[in-house]
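J.: Here you go, one structure.
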Amino acid sequence: MTQETSPEPTPNSEAKGETGGTQASASPAPLSEMDAPSSQVRAFGGDTALRLDSGALLDPWQIAYETYGTLNAERSNAVLICHALTGDQYVASSNPITSKPGWWSMLVGPGRPVDTNLYYVICANVLGGCLGTTGPASTNPATGKRWGLDLPLVTIKDMVHAQAILLDHLGIETLFAVIGGSMGGMQVLQWASSYPERVFAALPIATAARHSSQNIAFHEVGRQAVMADPNWCGGRYFEKGVRPSKGLAVARMAAHITYLSDPALHRKFGRNLQDRDAVTFGFDADFQIESYLRHQGMTFVDRFDPNSYLYLTRAMDYFDLGADFGGTLARAFLHSATRFCVMSFTSDWLFPTSESKAIVRALNAAAANVSFVEVESDRGHDAFLLDEPEMFRTVVGFLTGAAHARGIAAPNGGAA
Amino acid sequence: MSGKTSVRGDHRLVADLVEPGSRVLDIGCGDGELLDLLVREKQVDGRGIEISQAGVNACVARGLSVVQGDADSDLADYPDDAFDFVILSQTLQATRAPRVVLDQLLRIGSNVIVSFPNFGVWRNRLQLMFLGRMPVTDYLPYSWYDTPNIHFCTIRDFVSMCEETDAHMVKAMALNARGEPVGFTAPWWVWNLIGEQALFLLKR
């Protein structure tokens, strides 16, 4: 769930997080970003058509991506960052729609834990997304119209498959590391399972090997909110010239609660009233938390495609890596030489530590090389996107050890 | 594990028992000092389990492969014969079920190295006998009510548990307070009196 933010006291306070900014964007994301993004983009088709999990063939298709740093001569320092549900390829550079800094620029950049002075970092918009990679908001070349619900459903495995084809094109055989949180963490696990020989180190953060029943339930609430908006028009809102903004905003509001934690909400908002001294005996946003959530919902609809939200939440719901291996997750990682570092946060109730521990148990049972760190934080699931020094230290330590093992330059300056 | 005693002078002796290049699991690896030594000097494929978050984070930050967990609940997740050496250093006395833990160690490791404080050392006996109180020493600095060490044993107690589990004792050493081996062989009862710590190499 990228682009979540720390709960700020009011929408008008200075925001550090990704969506809590002060200025509400004036208009929805320019449609041009969906077909011709500001980032790099690569089109595939024919020989490189994408056979999806569902059996459908996507031909042609395209993938939008950003890169940072320099690929070394041995092509051994590439790091793939996988973004979460509402993230994008702009991991460490300004988002063209919101003009905000990269969503993980605290973790990725020059001198950062994922140091772009050392590593060649790639981040691609996921399949089904809405910032340049083929998704429901992209133009279907066969009809000249936006795909809408005609786009076949995509899975986490399809996203990873698409990224692998992009890396083939970039001439990158092996990734030094694959890193991602939440839905990004699911992609990391899928990468390690589908392409073990291409992944030297894997960092799945605040994630799970299968989406829980509770999480599917929350996603269903969000999807129903979108589809209940009369402006959704069965997914054909582009053609009707309308937009199910209210539905998507409600979906975002509900989801946003799951990214936070009760203590963090209470600390930031309590029962404080918004710009008033007493309750109004009405349904205006009396409480700061209401005002904050409404703001989160409103700013989200400006930058995200409602159908894309349906597709990506569905992809997460369908994710169950162990199920692909007869129900035994350990078999997904058998004979894996990948070094894993699994990370969770104490107050994350969306992807609780127990989910990470299930991954660790499976990796141990598969005799894989695994580290596991639970970071103490009261900021809920969102913690992975925020300033969490313990997480940064862990990432640096893990990547340093892996860099020595790989024989590439390590953050302390010395090559192994 | 939280059951660390204040002196850990047995690292060198443990390292001497471990074959170079072997697969090693260090249970209760603390901040990774021993594991780091084994990786650097013995080029082992080393893994660790540590109960404290601070310990795990310190280990991962120094590039070691360590998971948060504890000997009582998490060893069951490992497959049979997963490691050439399994090390339980100064931690057995802090487990809830030492006998079960020992069974698990023997299941997942071809070789098992166990070290523990010897509660039967003369110093403890004297404190109990003359002061009538639970021993508190430099080596075991905790009061009875706040000690993580809930299952103390003597060397003789441990030997009889090994006999009950059919563990084969390949090597046994009594160590002084500095973690140096008592430089002579002696009957168990002597070691049980003078050894501050004990170190065993076991096989199934």
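In the structure tokens, chains take letters A, B, ... by order of appearance, with residues numbered from 1 within each chain and ligands from 1 in the order shown.
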Kindly provide, as a ChimeraX atom specification, the residues of chain B having any atom no farther than 6 Å from an atom of chain A, counting only C-alpha atoms.

T.: /B:60-63,65-68,77-79

J.: Report as number ranges by chain: the residues of segment 12-126 of chain A with a DSSP assignment of strand (DSSP E or B), based on the backbone of this structure.

T.: A: 40-44, 50-51, 57-58, 61-68, 78-82, 108-109, 114-115, 120-124

J.: Would you output that residue set with N, CA and C atoms, as a PDB file, in the first residue's frame?

T.:
```pdb
ATOM      1  N   GLN A  40      10.533   6.464 -18.435  1.00  0.00           N
ATOM      2  CA  GLN A  40      10.886   5.600 -19.555  1.00  0.00           C
ATOM      3  C   GLN A  40       9.775   4.565 -19.720  1.00  0.00           C
ATOM      4  N   VAL A  41       9.629   4.098 -20.927  1.00  0.00           N
ATOM      5  CA  VAL A  41       8.598   3.092 -21.173  1.00  0.00           C
ATOM      6  C   VAL A  41       9.082   2.177 -22.292  1.00  0.00           C
ATOM      7  N   ARG A  42       8.685   0.913 -22.216  1.00  0.00           N
ATOM      8  CA  ARG A  42       9.108  -0.040 -23.235  1.00  0.00           C
ATOM      9  C   ARG A  42       7.884  -0.857 -23.673  1.00  0.00           C
ATOM     10  N   ALA A  43       7.697  -0.925 -24.975  1.00  0.00           N
ATOM     11  CA  ALA A  43       6.551  -1.672 -25.508  1.00  0.00           C
ATOM     12  C   ALA A  43       6.984  -3.070 -25.944  1.00  0.00           C
ATOM     13  N   PHE A  44       6.131  -4.038 -25.687  1.00  0.00           N
ATOM     14  CA  PHE A  44       6.399  -5.414 -26.084  1.00  0.00           C
ATOM     15  C   PHE A  44       5.205  -5.972 -26.841  1.00  0.00           C
ATOM     16  N   LEU A  50       2.522 -11.163 -23.557  1.00  0.00           N
ATOM     17  CA  LEU A  50       2.489 -11.634 -22.171  1.00  0.00           C
ATOM     18  C   LEU A  50       1.345 -12.631 -21.975  1.00  0.00           C
ATOM     19  N   ARG A  51       1.713 -13.877 -21.689  1.00  0.00           N
ATOM     20  CA  ARG A  51       0.696 -14.885 -21.389  1.00  0.00           C
ATOM     21  C   ARG A  51       0.370 -14.762 -19.906  1.00  0.00           C
ATOM     22  N   LEU A  57      -3.940 -13.731 -23.429  1.00  0.00           N
ATOM     23  CA  LEU A  57      -2.684 -13.250 -23.993  1.00  0.00           C
ATOM     24  C   LEU A  57      -2.756 -11.736 -24.145  1.00  0.00           C
ATOM     25  N   LEU A  58      -1.785 -11.046 -23.556  1.00  0.00           N
ATOM     26  CA  LEU A  58      -1.752  -9.582 -23.657  1.00  0.00           C
ATOM     27  C   LEU A  58      -0.746  -9.221 -24.746  1.00  0.00           C
ATOM     28  N   TRP A  61       1.705  -4.982 -25.143  1.00  0.00           N
ATOM     29  CA  TRP A  61       1.618  -4.411 -23.798  1.00  0.00           C
ATOM     30  C   TRP A  61       2.859  -3.564 -23.582  1.00  0.00           C
ATOM     31  N   GLN A  62       2.812  -2.733 -22.548  1.00  0.00           N
ATOM     32  CA  GLN A  62       3.987  -1.896 -22.289  1.00  0.00           C
ATOM     33  C   GLN A  62       4.234  -1.761 -20.792  1.00  0.00           C
ATOM     34  N   ILE A  63       5.448  -1.393 -20.474  1.00  0.00           N
ATOM     35  CA  ILE A  63       5.803  -1.244 -19.064  1.00  0.00           C
ATOM     36  C   ILE A  63       6.607   0.047 -18.896  1.00  0.00           C
ATOM     37  N   ALA A  64       6.187   0.852 -17.911  1.00  0.00           N
ATOM     38  CA  ALA A  64       6.840   2.137 -17.638  1.00  0.00           C
ATOM     39  C   ALA A  64       7.756   1.969 -16.431  1.00  0.00           C
ATOM     40  N   TYR A  65       8.926   2.569 -16.494  1.00  0.00           N
ATOM     41  CA  TYR A  65       9.883   2.345 -15.401  1.00  0.00           C
ATOM     42  C   TYR A  65      10.810   3.543 -15.260  1.00  0.00           C
ATOM     43  N   GLU A  66      11.437   3.620 -14.094  1.00  0.00           N
ATOM     44  CA  GLU A  66      12.464   4.614 -13.821  1.00  0.00           C
ATOM     45  C   GLU A  66      13.725   3.884 -13.405  1.00  0.00           C
ATOM     46  N   THR A  67      14.873   4.459 -13.700  1.00  0.00           N
ATOM     47  CA  THR A  67      16.130   3.890 -13.223  1.00  0.00           C
ATOM     48  C   THR A  67      16.938   4.988 -12.543  1.00  0.00           C
ATOM     49  N   TYR A  68      17.778   4.556 -11.616  1.00  0.00           N
ATOM     50  CA  TYR A  68      18.621   5.482 -10.850  1.00  0.00           C
ATOM     51  C   TYR A  68      19.990   4.826 -10.700  1.00  0.00           C
ATOM     52  N   ALA A  78      22.370  -4.475  -9.953  1.00  0.00           N
ATOM     53  CA  ALA A  78      20.999  -4.016 -10.203  1.00  0.00           C
ATOM     54  C   ALA A  78      20.086  -4.366  -9.033  1.00  0.00           C
ATOM     55  N   VAL A  79      19.301  -3.405  -8.609  1.00  0.00           N
ATOM     56  CA  VAL A  79      18.325  -3.597  -7.536  1.00  0.00           C
ATOM     57  C   VAL A  79      16.946  -3.256  -8.085  1.00  0.00           C
ATOM     58  N   LEU A  80      16.023  -4.190  -7.941  1.00  0.00           N
ATOM     59  CA  LEU A  80      14.652  -3.932  -8.385  1.00  0.00           C
ATOM     60  C   LEU A  80      13.805  -3.561  -7.173  1.00  0.00           C
ATOM     61  N   ILE A  81      13.133  -2.415  -7.256  1.00  0.00           N
ATOM     62  CA  ILE A  81      12.188  -2.032  -6.211  1.00  0.00           C
ATOM     63  C   ILE A  81      10.783  -2.325  -6.728  1.00  0.00           C
ATOM     64  N   CYS A  82       9.999  -3.064  -5.936  1.00  0.00           N
ATOM     65  CA  CYS A  82       8.625  -3.383  -6.331  1.00  0.00           C
ATOM     66  C   CYS A  82       7.682  -2.496  -5.512  1.00  0.00           C
ATOM     67  N   VAL A 108      15.674   5.090  -0.759  1.00  0.00           N
ATOM     68  CA  VAL A 108      16.386   4.933  -2.032  1.00  0.00           C
ATOM     69  C   VAL A 108      16.918   6.274  -2.519  1.00  0.00           C
ATOM     70  N   GLY A 109      18.194   6.347  -2.810  1.00  0.00           N
ATOM     71  CA  GLY A 109      18.776   7.582  -3.336  1.00  0.00           C
ATOM     72  C   GLY A 109      20.259   7.639  -3.013  1.00  0.00           C
ATOM     73  N   VAL A 114      19.458   2.192   0.318  1.00  0.00           N
ATOM     74  CA  VAL A 114      19.636   1.605  -1.012  1.00  0.00           C
ATOM     75  C   VAL A 114      20.318   2.699  -1.832  1.00  0.00           C
ATOM     76  N   ASP A 115      21.634   2.658  -1.803  1.00  0.00           N
ATOM     77  CA  ASP A 115      22.448   3.782  -2.255  1.00  0.00           C
ATOM     78  C   ASP A 115      22.606   3.764  -3.776  1.00  0.00           C
ATOM     79  N   TYR A 120      22.382   0.078  -9.164  1.00  0.00           N
ATOM     80  CA  TYR A 120      21.553   0.517 -10.279  1.00  0.00           C
ATOM     81  C   TYR A 120      20.119   0.123  -9.939  1.00  0.00           C
ATOM     82  N   VAL A 121      19.311   1.104  -9.602  1.00  0.00           N
ATOM     83  CA  VAL A 121      17.970   0.835  -9.094  1.00  0.00           C
ATOM     84  C   VAL A 121      16.935   0.980 -10.217  1.00  0.00           C
ATOM     85  N   ILE A 122      16.084  -0.031 -10.305  1.00  0.00           N
ATOM     86  CA  ILE A 122      15.008  -0.032 -11.303  1.00  0.00           C
ATOM     87  C   ILE A 122      13.685  -0.136 -10.564  1.00  0.00           C
ATOM     88  N   CYS A 123      12.724   0.679 -10.950  1.00  0.00           N
ATOM     89  CA  CYS A 123      11.378   0.535 -10.393  1.00  0.00           C
ATOM     90  C   CYS A 123      10.382   0.707 -11.533  1.00  0.00           C
ATOM     91  N   ALA A 124       9.523  -0.294 -11.699  1.00  0.00           N
ATOM     92  CA  ALA A 124       8.557  -0.263 -12.797  1.00  0.00           C
ATOM     93  C   ALA A 124       7.150  -0.166 -12.251  1.00  0.00           C
TER      94      ALA A 124
END
```

J.: Do a neighbour search on Asn192 of chain B at 8 Å with only C-alpha atoms, toss out local chain neighbours closer than 5 positions, and write the hits as JSON, numbers by chain.

T.: {"B": [118, 120, 121, 154, 155, 156, 174]}

J.: Output the selection as a PDB file, in the first residue's frame - N, CA and C atoms for each residue.

T.:
```
ATOM      1  N   ASN B 118      27.664 -24.283  35.367  1.00  0.00           N
ATOM      2  CA  ASN B 118      27.526 -25.430  36.261  1.00  0.00           C
ATOM      3  C   ASN B 118      27.061 -24.949  37.628  1.00  0.00           C
ATOM      4  N   GLY B 120      26.629 -26.667  40.123  1.00  0.00           N
ATOM      5  CA  GLY B 120      27.230 -27.463  41.202  1.00  0.00           C
ATOM      6  C   GLY B 120      28.612 -27.001  41.615  1.00  0.00           C
ATOM      7  N   VAL B 121      29.095 -25.905  41.061  1.00  0.00           N
ATOM      8  CA  VAL B 121      30.443 -25.441  41.384  1.00  0.00           C
ATOM      9  C   VAL B 121      30.540 -25.090  42.880  1.00  0.00           C
ATOM     10  N   THR B 154      23.520 -29.060  37.203  1.00  0.00           N
ATOM     11  CA  THR B 154      24.946 -29.300  37.431  1.00  0.00           C
ATOM     12  C   THR B 154      25.475 -30.144  36.276  1.00  0.00           C
ATOM     13  N   ILE B 155      26.798 -30.297  36.233  1.00  0.00           N
ATOM     14  CA  ILE B 155      27.387 -31.124  35.177  1.00  0.00           C
ATOM     15  C   ILE B 155      26.839 -32.549  35.257  1.00  0.00           C
ATOM     16  N   ARG B 156      26.712 -33.056  36.462  1.00  0.00           N
ATOM     17  CA  ARG B 156      26.211 -34.432  36.620  1.00  0.00           C
ATOM     18  C   ARG B 156      24.763 -34.536  36.161  1.00  0.00           C
ATOM     19  N   ALA B 174      35.256 -29.202  31.413  1.00  0.00           N
ATOM     20  CA  ALA B 174      34.878 -28.276  32.478  1.00  0.00           C
ATOM     21  C   ALA B 174      35.710 -27.017  32.282  1.00  0.00           C
TER      22      ALA B 174
END
```

J.: Quick check, in Å to one decimal: how far apart do atom CA of His11 of chain B and atom CA of Leu34 of chain B lie?

T.: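 That distance, rounded to one decimal, is 5.9 Å.
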
J.: Fewer than 2 positions away in the same chain doesn't count, so skip those; otherwise give me all residues within 7 Å of segment 130-144 of chain A, counting only C-alpha atoms, as a PyMOL selection string.

T.: chain A and resi 33-37+61-64+88+125-128+146-149+151+304-305+307-308

J.: Next, the residues of the selection above should be written as an mmCIF file, in the first residue's frame with C-alpha atoms.

T.:
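As written to disk, again35.cif reads:
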```cif
data_model
loop_
_atom_site.group_PDB
_atom_site.id
_atom_site.type_symbol
_atom_site.label_atom_id
_atom_site.label_comp_id
_atom_site.auth_asym_id
_atom_site.auth_seq_id
_atom_site.Cartn_x
_atom_site.Cartn_y
_atom_site.Cartn_z
ATOM 1 C CA GLU A 33 0.486 9.502 -18.210
ATOM 2 C CA MET A 34 -1.420 6.271 -18.771
ATOM 3 C CA ASP A 35 -0.265 5.730 -22.348
ATOM 4 C CA ALA A 36 2.784 7.970 -22.717
ATOM 5 C CA PRO A 37 4.253 8.397 -19.246
ATOM 6 C CA TRP A 61 1.618 -4.411 -23.798
ATOM 7 C CA GLN A 62 3.987 -1.896 -22.289
ATOM 8 C CA ILE A 63 5.803 -1.244 -19.064
ATOM 9 C CA ALA A 64 6.840 2.137 -17.638
ATOM 10 C CA ASP A 88 4.362 3.911 -8.928
ATOM 11 C CA ASN A 125 4.878 0.586 -12.634
ATOM 12 C CA VAL A 126 3.063 -2.721 -12.067
ATOM 13 C CA LEU A 127 0.963 -4.443 -14.670
ATOM 14 C CA GLY A 128 -2.598 -3.260 -14.085
ATOM 15 C CA ARG A 146 -9.562 2.579 -22.755
ATOM 16 C CA TRP A 147 -9.394 -1.053 -21.718
ATOM 17 C CA GLY A 148 -11.708 -0.730 -18.728
ATOM 18 C CA LEU A 149 -12.930 -4.105 -17.553
ATOM 19 C CA LEU A 151 -8.481 -5.988 -19.657
ATOM 20 C CA PHE A 304 -5.339 6.996 -9.267
ATOM 21 C CA ASP A 305 -7.574 5.204 -11.718
ATOM 22 C CA ASN A 307 -10.545 0.486 -12.311
ATOM 23 C CA SER A 308 -6.853 0.092 -11.637
#
```

J.: For each of B:Thr91, B:Ile27, B:Ala54, B:Phe152, take the minimum atom-to-atom distance to Pro135 of chain B, counting only C-alpha atoms, then give the residue where this is smallest.

T.: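 Once distances to Pro135 of chain B are computed over only C-alpha atoms, the minimum belongs to B:Phe152.
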
J.: Among chain B, which ones does DSSP place in helix (DSSP H, G or I), written as number ranges by chain?

T.: B: 11-17, 33-42, 53-61, 71-77, 92-94, 98-108, 122-131, 155-164, 188-194

J.: So which residues touch Gln197 of chain B within 10 Å, counting only C-alpha atoms, skipping near sequence neighbours fewer than 6 positions away, as number ranges by chain?

T.: B: 7-10, 90, 115-121, 139, 154-155, 173-182, 191

J.: Pick from A:Gly235, A:Pro204, A:Gly327, A:Pro389: nearest to Phe351 of chain A, with only C-alpha atoms counted?

T.: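 Ranking A:Gly235, A:Pro204, A:Gly327, A:Pro389 by distance to Phe351 of chain A, first place goes to A:Pro204.
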
J.: Quick one: everything within 9 Å of Asp275 of chain A, counting only C-alpha atoms, minus sequence neighbours fewer than 2 positions away in the same chain. Send it as a ChimeraX atom specification.

T.: /A:273,277,286-288

J.: Quick one: everything within 8 Å of Ile156 of chain A, counting only C-alpha atoms, minus sequence neighbours fewer than 6 positions away in the same chain. Send it as a PyMOL selection string.

T.: chain A and resi 186-187+190+315-316+319

J.: Can you work out which one of B:Val44, B:Leu92, B:Leu128, B:Ile49 has the shortest atom-to-atom distance to Asp26 of chain B, counting only C-alpha atoms?

T.: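 Counting only C-alpha atoms, the residue closest to Asp26 of chain B is B:Ile49.
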